[in-house]
Amino acid sequence: MTMARMKKHYSAPELPKIPGFREMTAADTTAVRELLTRFLGRFDVAQVFSKDEEVEHWFLSGQGRDVGGKRVEQVVWAYVVEVSLPFPNSTMLADRQDPTTHLITDFISFYSLPSSIIQSPKYDTLQAAYLFYYASDAIFSPSGSSDDVERHETKAKSKLAERLNALSQDMLSVAQTVGHL
């Protein structure tokens with residue numbers, strides 16, 4: 001494979017492709033904590049996020065500072081996928097302005113710490129993005145009542161793998177945009 005073809009083959013997309021993929025905000029903290037708790041609860045050993053303040057500290061506290069329209073000195077970058085669903089019994093809620101509920105279905109984050117490059121005439125710093133925490137409700141999606149347990153597990157794991165690949169691609173496109181790839 002030529003270098004040009006390899007670059008094209010392994011390049012990250014310019015923009016995220018998953019509808020609703022956006023940067024996490026403080027308003028998402030509770031939903032992210034609940035999703036992380038449920039997702040990480042599948043493992044024998046996992047971080048426990050018992051308070052919203054812990055999630056906010058780990059994923060939102062180091063937003064860096066703005067320099068020329070770009071954030072610098074930010075360490076952790078966190079993203080969610082938010083979908084809008086019709087609100088149940090929306091006709092009964094006349095006082096509600098927006099008859100939709102916003103659901104966080106996925107969470108992904110990365111951290112980036114610059115590394116010094118010694119004795120390079122061209123570069124002095126290496127920027128790299130490292131996958132941090134992630135969670136998806138794809139693993140909990142029902143596969144139909146006729147499935148046996150083993151078949152359900154296989155389908156759920158396949159859905160999760162597909163979703164995590166899509167999330168990783170979108171995260172790579174964001175990391176590239178903010179200058180970490």
# chains A, B, ... in the order shown; residues from 1 in each chain; ligands from 1
>>> residues_around(residues="segment 24-35 of chain A", least_positions_apart="3", cutoff="12 Å", atoms="only C-alpha atoms", output="MDAnalysis selection string")
chainID A and resid 20:21 38:42 47:61 63 76:82 102:109 133:140
>>> select_by_dssp(residues="segment 10-174 of chain A", states="helix (DSSP H, G or I)", output="VMD selection string")
chain A and resid 10 26 to 40 52 to 60 90 to 92 137 to 140 149 to 174
>>> closest_residue(among="A:Ile18, A:Leu36, A:Val178, A:Ala156", to="Val83 of chain A", atoms="only C-alpha atoms")
A:Ile18
>>> atom_distance(atom1="atom CA of His152 of chain A", atom2="atom CA of Ala166 of chain A")
21.3 Å
>>> atom_distance(atom1="atom CA of Leu172 of chain A", atom2="atom CA of Ala12 of chain A")
5.9 Å
>>> select_by_dssp(residues="chain A", states="strand (DSSP E)", output="MDAnalysis selection string")
chainID A and resid 21:23 65:67 70:72 76:86 100:111 115:116 125:126 130:136
>>> residues_around(residues="Arg65 of chain A", least_positions_apart="5", cutoff="12 Å", atoms="only C-alpha atoms", output="VMD selection string")
chain A and resid 70 to 75
>>> closest_residue(among="A:Ala128, A:Ser141, A:Lys8, A:Ile118", to="Lys157 of chain A", atoms="only C-alpha atoms")
A:Ser141
>>> closest_residue(among="A:Ala4, A:Thr177, A:Asp170, A:Gln127", to="Arg22 of chain A", atoms="only C-alpha atoms")
A:Asp170
>>> atom_distance(atom1="atom CA of Glu153 of chain A", atom2="atom CA of Leu167 of chain A")
20.7 Å
